[in-house]
Amino acid sequence: MDDYPLIENHGLLGDLQTAALVTTDGAVDWLCLPRFDSPSVFGALLDKDKGGHCTVRPQHETYATKQLYLPDTAILVTRFMTEAGAGEVLDFMPVTGTTVTPRHRLVRMLRCVRGSMTFEVEIAPRFDYGRKPHQLDITEHGAVFAAQDGEQLTVHPIREPEDESVVDVLTARHDDLYCSLTLRAGHERGLVLESAADGPPREIRLTEYRRLFHETVTFWRSWLNQSRYSGRWRETVERSAIALKLMTYAPSGAVVAAPTAALPEQLGGERNWDYRFTWVRDASFSVYALLGLGFTDEARGFIQWLGDRVKESAGGGDSGPLNIMYKVDGSSDLDEQILDHWEGYAGSAPVRIGNGAATQLQLDIYGEALDSVYFAHRHGFHAGYRGWKSMAENLDWLADHWNQAEEGLWETRGGRQDFTYGRVMSWVAFDRALRLAESTGWPAAVPRWSAARDEIYEQVMAKGWSEGRRAYVQHYGSDVLDSSLLRMATVGFINPEDPMWASTLDAMDQELVSDSLVYRYNPEASPDGLRGSEGTFSLCTFMYVDALARAGRIDQARLVFEKMMGYANHLGLFSEEIDPTGRQLGNFPQAFTHLALIDAAITLNAALDRR
């Protein structure tokens with residue numbers, strides 16, 4: 001661990017087509033180009049020696065660091081402090097827009113704000129997950145890293161040619177770029193890393209840098225001004241909204257589950273998955289959060305993306321007409337591979353890219369998709385004829401296949417089960433479709449869908465409830481609890497004041513909750529086909545807050561929410577899990593967690609206002 005930064009010791013940058021992670025020590029140790037699910041150029045996060053990085057840090061032996069976002073923006077400020085002076089690095093990526101492009105820029109501006117500071121800059125890209133060698137060409141005005149297949153990364157210095165007060169000579173070290181420069185208070189120098197540049201390296205003037213900076217500030221603040229949220233925890237909620245925007249692929253409207261791959265759910269374990277794709281489930285949740293905050297364009301973008309996937313679905317084989325996940329462009333070739341030449345974060349191998357769960361049967365996605373369509377419909381986003389016809393075809397398939405075993409929400413690899421959550425969300429799919437048909441008059445197989453909805457409900461009540469546990473359980477025939485069922489009251493399957501629901505919450509309190517943090521389930525009691533254990537799931541903790549607030553346990557819900565805020569990183573970001581020491585685990589940051597945070601904040605705030 002000494003060779004790797006803590007997962008939470010990162011900030012997130014992005015241009016709405018890809019994203020970068022920057023450590024509190026000034027290193028860009030994760031960046032994929034030209035989009036989220038492309039091979040990495042900087043990947044030291046998963047292999048400190050072979051992954052590649054772009055590092056800016058003081059030359060001093062000892063220094064302190066602080067990191068923050070420029071208020072209401074995605075511009076990251078990393079500050080360094082020594083006895084001799086204080087300096088900072090401003091990092092941002094100019095927004096690319098909705099047109100697919102291979103050209104992306106990362107701007108790194110170095111400033112001295114007090115005394116003097118000598119910065120060391122090292123740029124060491126490793127193309128294609130470190131599998132493609134490159135050559136370095138240093139010119140009078142910058143440098144170019146060129147991989148064998150023509151992929152390039154161009155370095156443009158930011159400086160004024162007539163200013164000779166700072167010496168910043170670029171030198172080569174084994175095809176990596178190095179520079180040392182001493183700045184005094186008021187001095188600033190920088191660099192722009194550009195992929196697929198349309199020309200040779202050039203010196204960028206401060207006026208051009210300031211234009212890029214102000215354009216980026218204006219974009220983020222104008223976007224955030226659309227938020228209608230005015231409740232408690234405004235700063236936390238809006239930072240989560242910015243994080244979600246950074247994880248949105250603007251050309252398609254798709255939201256990736258996380259911008260990273262293979263960060264472990266247990267240090268040294270094998271639960272290391274690639275999350276740089278769009279799950280139907282996760283993205284469906286984004287509709288509630290985005291519309292709840294007032295971001296209608298983003299919600300419309302996802303509804304369009306989902307509609308395209310539904311229209312493309314056909315047949316309906318073993319895994320159903322809809323895939324559970326897609327690449328950001330809507331394609332579905334997500335073959336899982338292992339990068340054997342990388343050691344993994346802190347030695348956590350294997351390093352997986354692609355995702356073998358893509359072909360699993362997960363019945364809950366139909367409920368989440370239809371629920372989001374219904375919610376969007378109530379907010380003025382109406383499906384067209386072809387969209388409704390495609391949804392109806394999906395529901396007809398579900399009517400024939402809902403009563404079967406599946407892999408479930410948690411993508412277990414230990415065999416299919418009759419998961420209660422999958423049944424509940426299948427009920428939601430038919431319920432929302434029937435409501436849509438009734439409110440619009442659209443053609444629907446009402447008798448068939450109604451029969452399926454009612455049969456599912458009765459089955460869950462009969463088989464999903466355990467008298468021994470006095471709780472709803474993970475799958476039929478078991479006594480295992482599962483926190484996914486915290487959503488039963490949220491989706492309207494059960495009244496939040498029902499004694500059976502109160503009893504379920506009590507059982508989860510005793511078994512799945514550890515000082516407010518919530519586990520998904522107990523893998524020892526319900527083997528999932530994988531070795532090792534995992535931390536508490538931050539998503540589940542926020543779902544727990546939502547469930548408590550709906551059940552009238554408002555004070556408990558608020559305490560859990562406030563405690564959970566203490567596990568956020570210094571920038572308000574959450575990964576997938578929290579380990580027993582309070583460290584963050586899993587891919588970072590995780591969209592699902594921030595979506596659940598927003599939903600919990602909205603529900604809890606409304607409950608407090610009503611009290």
# chains A, B, ... in the order shown; residues from 1 in each chain; ligands from 1
call {"tool": "select_by_dssp", "arguments": {"residues": "segment 353-464 of chain A", "states": "alpha helix (DSSP H)", "output": "ChimeraX atom specification"}}
result
/A:364-378,385-401,420-440,446-463
call {"tool": "residues_around", "arguments": {"residues": "Arg210 of chain A", "least_positions_apart": "6", "cutoff": "12 Å", "atoms": "only C-alpha atoms", "output": "list in words"}}
result
Leu90, Pro94, Val107, Met109, Ile158, Arg159, Glu188, Gly190, Ile204, Thr216, Val217 and Thr218 of chain A
call {"tool": "atom_distance", "arguments": {"atom1": "atom CA of Leu573 of chain A", "atom2": "atom CA of Val121 of chain A"}}
result
26.7 Å
call {"tool": "atom_distance", "arguments": {"atom1": "atom CA of Asn394 of chain A", "atom2": "atom CA of Phe277 of chain A"}}
result
22.1 Å
call {"tool": "select_by_dssp", "arguments": {"residues": "segment 88-327 of chain A", "states": "strand (DSSP E or B)", "output": "count of residues only"}}
result
77
call {"tool": "closest_residue", "arguments": {"among": "A:Glu411, A:Glu120, A:Glu140, A:Glu511", "to": "Pro201 of chain A", "atoms": "only C-alpha atoms"}}
result
A:Glu140
call {"tool": "residues_around", "arguments": {"residues": "Leu136 of chain A", "least_positions_apart": "3", "cutoff": "8 Å", "atoms": "only C-alpha atoms", "output": "mmCIF file with N, CA and C atoms, in the first residue's frame"}}
result
data_model
loop_
_atom_site.group_PDB
_atom_site.id
_atom_site.type_symbol
_atom_site.label_atom_id
_atom_site.label_comp_id
_atom_site.auth_asym_id
_atom_site.auth_seq_id
_atom_site.Cartn_x
_atom_site.Cartn_y
_atom_site.Cartn_z
ATOM 1 N N ALA A 143 6.723 18.875 -27.107
ATOM 2 C CA ALA A 143 7.139 17.486 -27.286
ATOM 3 C C ALA A 143 5.960 16.658 -27.771
ATOM 4 N N VAL A 144 6.292 15.509 -28.387
ATOM 5 C CA VAL A 144 5.277 14.574 -28.869
ATOM 6 C C VAL A 144 5.670 13.157 -28.461
ATOM 7 N N PHE A 145 4.727 12.462 -27.820
ATOM 8 C CA PHE A 145 4.858 11.034 -27.576
ATOM 9 C C PHE A 145 4.089 10.314 -28.676
ATOM 10 N N ALA A 146 4.744 9.427 -29.397
ATOM 11 C CA ALA A 146 4.117 8.739 -30.528
ATOM 12 C C ALA A 146 4.215 7.234 -30.339
ATOM 13 N N ALA A 172 14.675 14.529 -21.925
ATOM 14 C CA ALA A 172 14.183 13.154 -22.080
ATOM 15 C C ALA A 172 14.862 12.234 -21.075
ATOM 16 N N ASP A 175 12.634 7.960 -22.946
ATOM 17 C CA ASP A 175 11.398 8.237 -23.686
ATOM 18 C C ASP A 175 10.284 8.795 -22.804
ATOM 19 N N ASP A 176 10.629 9.286 -21.626
ATOM 20 C CA ASP A 176 9.704 10.047 -20.803
ATOM 21 C C ASP A 176 10.208 11.482 -20.723
ATOM 22 N N LEU A 177 9.335 12.386 -20.361
ATOM 23 C CA LEU A 177 9.660 13.808 -20.387
ATOM 24 C C LEU A 177 9.816 14.332 -18.972
#
call {"tool": "residues_around", "arguments": {"residues": "Arg300 of chain A", "least_positions_apart": "4", "cutoff": "9 Å", "atoms": "only C-alpha atoms", "output": "number ranges by chain"}}
result
A: 253, 287, 295-296, 304-305, 376, 381
call {"tool": "atom_distance", "arguments": {"atom1": "atom CA of Leu559 of chain A", "atom2": "atom CA of Ser516 of chain A"}}
result
8.3 Å
call {"tool": "residues_around", "arguments": {"residues": "segment 443-451 of chain A", "least_positions_apart": "5", "cutoff": "12 Å", "atoms": "only C-alpha atoms", "output": "PyMOL selection string"}}
result
chain A and resi 385-386+388-400+402+426-438+456-458
call {"tool": "residues_around", "arguments": {"residues": "segment 490-493 of chain A", "least_positions_apart": "6", "cutoff": "12 Å", "atoms": "only C-alpha atoms", "output": "MDAnalysis selection string"}}
result
chainID A and resid 285 288 367:368 370:372 374:375 420:421 423:432 453:454 456:458 460:461 484 501 543:551 596 599:600 603
call {"tool": "closest_residue", "arguments": {"among": "A:Ile303, A:Ala349, A:Gln266, A:Val480", "to": "His382 of chain A", "atoms": "only C-alpha atoms"}}
result
A:Ile303
call {"tool": "residues_around", "arguments": {"residues": "Glu88 of chain A", "least_positions_apart": "2", "cutoff": "7 Å", "atoms": "only C-alpha atoms", "output": "short mmCIF file (atom, residue, chain, number, x, y, z; two decimals) with N, CA and C atoms, in the first residue's frame"}}
result
data_model
loop_
_atom_site.label_atom_id
_atom_site.label_comp_id
_atom_site.auth_asym_id
_atom_site.auth_seq_id
_atom_site.Cartn_x
_atom_site.Cartn_y
_atom_site.Cartn_z
N VAL A 77 -7.94 22.05 -7.70
CA VAL A 77 -6.79 22.81 -7.21
C VAL A 77 -6.04 21.95 -6.20
N THR A 78 -4.78 21.62 -6.50
CA THR A 78 -3.94 20.87 -5.58
C THR A 78 -2.87 21.81 -5.06
N ARG A 79 -2.83 22.03 -3.75
CA ARG A 79 -1.93 23.01 -3.14
C ARG A 79 -0.79 22.31 -2.40
N PHE A 80 0.40 22.87 -2.56
CA PHE A 80 1.59 22.35 -1.89
C PHE A 80 2.15 23.44 -0.99
N LEU A 90 -3.51 23.93 -10.93
CA LEU A 90 -4.90 23.96 -11.37
C LEU A 90 -5.05 22.99 -12.53
N LEU A 110 0.75 25.57 -13.21
CA LEU A 110 1.53 25.65 -11.98
C LEU A 110 1.65 27.11 -11.57
N ARG A 111 1.43 27.36 -10.28
CA ARG A 111 1.53 28.72 -9.76
C ARG A 111 2.32 28.70 -8.44
N CYS A 112 3.06 29.76 -8.21
CA CYS A 112 3.65 30.00 -6.89
C CYS A 112 2.88 31.17 -6.28
#
call {"tool": "closest_residue", "arguments": {"among": "A:Ser575, A:Thr62, A:Thr504, A:Ser284", "to": "Arg470 of chain A", "atoms": "only C-alpha atoms"}}
result
A:Thr504
call {"tool": "closest_residue", "arguments": {"among": "A:Arg131, A:His141, A:Arg228, A:Lys463", "to": "Glu203 of chain A", "atoms": "only C-alpha atoms"}}
result
A:His141
call {"tool": "decode", "arguments": {"residues": "segment 460-495 of chain A", "atoms": "C-alpha atoms", "output": "PDB file, in the first residue's frame"}}
result
ATOM      1  CA  VAL A 460     -43.248 -12.706  -3.543  1.00  0.00           C
ATOM      2  CA  MET A 461     -45.561 -12.537  -0.540  1.00  0.00           C
ATOM      3  CA  ALA A 462     -45.646 -16.319  -0.332  1.00  0.00           C
ATOM      4  CA  LYS A 463     -42.047 -17.259  -1.194  1.00  0.00           C
ATOM      5  CA  GLY A 464     -40.010 -14.107  -0.619  1.00  0.00           C
ATOM      6  CA  TRP A 465     -41.042 -13.829   3.029  1.00  0.00           C
ATOM      7  CA  SER A 466     -39.375 -15.912   5.726  1.00  0.00           C
ATOM      8  CA  GLU A 467     -41.413 -16.516   8.861  1.00  0.00           C
ATOM      9  CA  GLY A 468     -38.257 -17.648  10.631  1.00  0.00           C
ATOM     10  CA  ARG A 469     -36.436 -14.387   9.914  1.00  0.00           C
ATOM     11  CA  ARG A 470     -39.565 -12.242   9.992  1.00  0.00           C
ATOM     12  CA  ALA A 471     -38.189 -10.567   6.900  1.00  0.00           C
ATOM     13  CA  TYR A 472     -38.113 -10.623   3.120  1.00  0.00           C
ATOM     14  CA  VAL A 473     -35.115 -12.628   1.983  1.00  0.00           C
ATOM     15  CA  GLN A 474     -32.601 -12.625  -0.846  1.00  0.00           C
ATOM     16  CA  HIS A 475     -34.034 -15.520  -2.830  1.00  0.00           C
ATOM     17  CA  TYR A 476     -36.710 -18.141  -2.462  1.00  0.00           C
ATOM     18  CA  GLY A 477     -35.889 -21.010  -0.121  1.00  0.00           C
ATOM     19  CA  SER A 478     -33.251 -19.104   1.836  1.00  0.00           C
ATOM     20  CA  ASP A 479     -33.041 -17.113   5.052  1.00  0.00           C
ATOM     21  CA  VAL A 480     -30.358 -14.733   3.712  1.00  0.00           C
ATOM     22  CA  LEU A 481     -31.047 -11.012   3.979  1.00  0.00           C
ATOM     23  CA  ASP A 482     -30.241  -8.693   1.073  1.00  0.00           C
ATOM     24  CA  SER A 483     -30.112  -4.910   1.184  1.00  0.00           C
ATOM     25  CA  SER A 484     -31.362  -4.595  -2.403  1.00  0.00           C
ATOM     26  CA  LEU A 485     -34.806  -5.201  -0.872  1.00  0.00           C
ATOM     27  CA  LEU A 486     -34.552  -1.813   0.858  1.00  0.00           C
ATOM     28  CA  ARG A 487     -36.155  -0.520  -2.337  1.00  0.00           C
ATOM     29  CA  MET A 488     -39.391  -2.491  -1.894  1.00  0.00           C
ATOM     30  CA  ALA A 489     -41.133   0.438  -0.227  1.00  0.00           C
ATOM     31  CA  THR A 490     -39.478   3.016  -2.481  1.00  0.00           C
ATOM     32  CA  VAL A 491     -41.006   1.451  -5.618  1.00  0.00           C
ATOM     33  CA  GLY A 492     -44.407   1.013  -3.994  1.00  0.00           C
ATOM     34  CA  PHE A 493     -44.416  -2.764  -3.690  1.00  0.00           C
ATOM     35  CA  ILE A 494     -45.133  -2.545   0.026  1.00  0.00           C
ATOM     36  CA  ASN A 495     -46.464   0.168   2.326  1.00  0.00           C
TER      37      ASN A 495
END
